[in-house]
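As structure tokens, the structure follows; a few thoughts come after it.
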Amino acid sequence: MNAVPVTILLIEDDPGHAKLIEKNVRRAGVVNEIIHLADGTSALAHLFERGEGRKADPMLVLLDLNLPDMSGIDILARIKADPTLKRTPVVVLTTTDDRLEIQRCYDLGCNVYITKPVEYEGFTAAIRQLGLFLTVMQVPEAA
Amino acid sequence: MAAGAVLLLAIVGISMWSALRTSGDVDKAARSFFVRSLTRDVLDAVTEAESSQRGYLLTGQDIYLAPYRDAVARLPDMIRSLSAAIPDDPEFPAWRAAIDAKLSELAQTVQRATAGQRVQALAMVQSGRGLHSMDQVRAIAESMMQRQRLRLVADLEHSRAGVRIVIIVDLVTFLVLAALVRVVIVGVQRSAARARATQMALKSAHDELAARRPMLEAAVAARTADLSRANDELQRFAYIVSHDLRAPLLNIIGFTSELEGATRRLNDYVSTIMKGGMKAGGATVPEDVRQASEEDLPEAIRFIRTSTTKMDRLINAILRLSREGRRMLTPERLDMNAVLAELVASLKHQIEEAGAAIRIGPLPGLTCDRTAVDQIFSNLLENALKYNAPGRAPAIELGGRTQLDRDGTPVACFTVSDNGRGIPERDMERIFELFRRSGVQDRPGEGIGLAHVRALVRRLGGDIACSSTPNVGTIFTVTLPLTFKAAGEIEG
């Protein structure tokens, strides 16, 4: 793993989904700290209101688009527009499979877009593959 | 108008009556005139006879007696005529008597003179008897003639009055006719005015309609836009709902999976203990715990799984329908014979399995969205293959023709006929509804196919109808515009 431990920021409003994602990521061998945020407001607070401290820990964002208080796309746009956070990898993990929505996410700088498959086998397989992917992924140092 | 006709008839009656009456009056006047002149003639004849008698008595010459003889010969006829003409004249009998007396005096004197007794005859004249009767004759004649003159004047006056009545009647007739003509003219004018007014009203109504047409068209356009928006909203709604339903479903499925894994581990452990317990005679597992671990938990999980799988299929179906509704349609020229031949080829496996015979008639070409058309006919064909009558191999016929719709626009009309189990009358509408099916549920399916087909057909601007006889067969009739116009597609 990386020299500096990478934190995984899971922005997901559905606690069940969050739990299932965490479980399956862990089964793939990922041991990094996972911080779960259940809505857009607290996610933005976590990302932008921690002052100097945030530069210290490199992180990876797992983002759901359907949040109760805002669209995940807004959070994605804020991250990619921020000079400090713009290189942070963002994996969009959501139920929305609208073609235009996917395009918009990639246009905004999303690194990976994964549709949550409804069949559970497909879902667990996808999450585990994501976990394997996360274990080998290089996360840039925070600028 | 009827009153005018009655009036006119009355006037004609009066006119005829007064004309007849006038003609009677004129007759009467003419008779009075005739009577008067006859009276004078009689008086003249008597006077002539007297003069002739005097001449003869004075001269004794026979030649002077000729007028006397002539007058006496004429007088009886004349008096008879007069008596017939004025049978009721009060003086006539006296006059007649006077004339008779005169004529007898004349006859006596002439007779004496002829017999040579001229002196005696002259003496008779001198006696004044003759003069007296002549005066009487003359006086009565004058009186009669005076009366006759008065009557003549009265008759003429009467007939003049009759003529006046005729003139007045004619005048009245003229006035009435003039009035009638006026009434008719006014009536004609009025009806012409009414016709003009009606025409004006029609024209103004027409103008108003013409003026309102853009408004009406705008209203129709607005309504269409509303409907289109409502439809879009519905599509969006279906999309969002199906997505939002997916989220909790994912949890149910996910945690059921977790539960299954945990149960398996529990089960393993229970089995191990039971085996170990039997071997070592140590710890035992209570029966209800064993039952919970080996039977109740797996059974509950199985039921949850069956239900979530079904729910998943339904949500996916809604999602597919809503996505199909939002898909951009791209019309292209389609040779329907080729399209359906390809479809039949893609269903080769099912066709062979069912032992089906499929006939494709000549089909009209279309300009339409290929995928939508494929989906419509593959659904209908699959249904025809799937719902055969028990023990009868499917015989399916695809037909088509061009016909005129209600607005007179040419449309393509396709029929898919089978010899299958048929659909009862009460299910004719049901079969097109989402998740609804008909008849014996012995074939797999969710009740989505025909709902999808109808949604597609309608989206293409067409319609689908079904007619069926149970145990004989079903005919689906799909009507599509010859050229699909992607109206309002851009908005969606």
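Chains: A, B, ... in order of the structure tokens. Residues: from 1 per chain. Ligands: from 1, in order shown.
The environment of range 61-70 of chain B within 8 Å, counting only C-alpha atoms and disregarding residues fewer than 5 places along the same chain, consists of Glu48, Ala49, Glu50, Ser51, Ser52, Gln53, Gly55 and Tyr56 of chain B.
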If we count only C-alpha atoms and set the cut-off at 9 Å, which residues sit around Leu62 in chain A, ignoring sequence neighbours fewer than 6 positions away in its own chain? Please answer as a list in words.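 Counting only C-alpha atoms, the residues come to Ile8, Leu9, Leu10, Ile11, Glu12, Pro89, Val90, Val91, Val92 and Leu93 of chain A.
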List every residue of chain A that DSSP, applied to the backbone of this structure, assigns to helix (DSSP H, G or I), and report them as a ChimeraX atom specification. /A:15-27,40-48,51-55,72-81,99-107,120-136
Select residues of chain A: the criterion is any atom within 10 Å of an atom of chain B, counting only C-alpha atoms; output as a list in words.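 Taken together, these residues fit the definition: Asp14, Pro15, Gly16, His17, Ala18, Lys19, Leu20, Ile21, Lys23, Asn66, Thr94, Thr95, Thr96, Asp97, Asp98, Lys116, Pro117, Val118, Glu119, Tyr120, Glu121, Phe123 and Thr124 of chain A.
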Residue contacts of Leu450 in chain B (10 Å, only C-alpha atoms) excluding same-chain residues fewer than 3 positions away, as a PyMOL selection string: chain B and resi 376+379-380+383+430-437+447+453-456+464
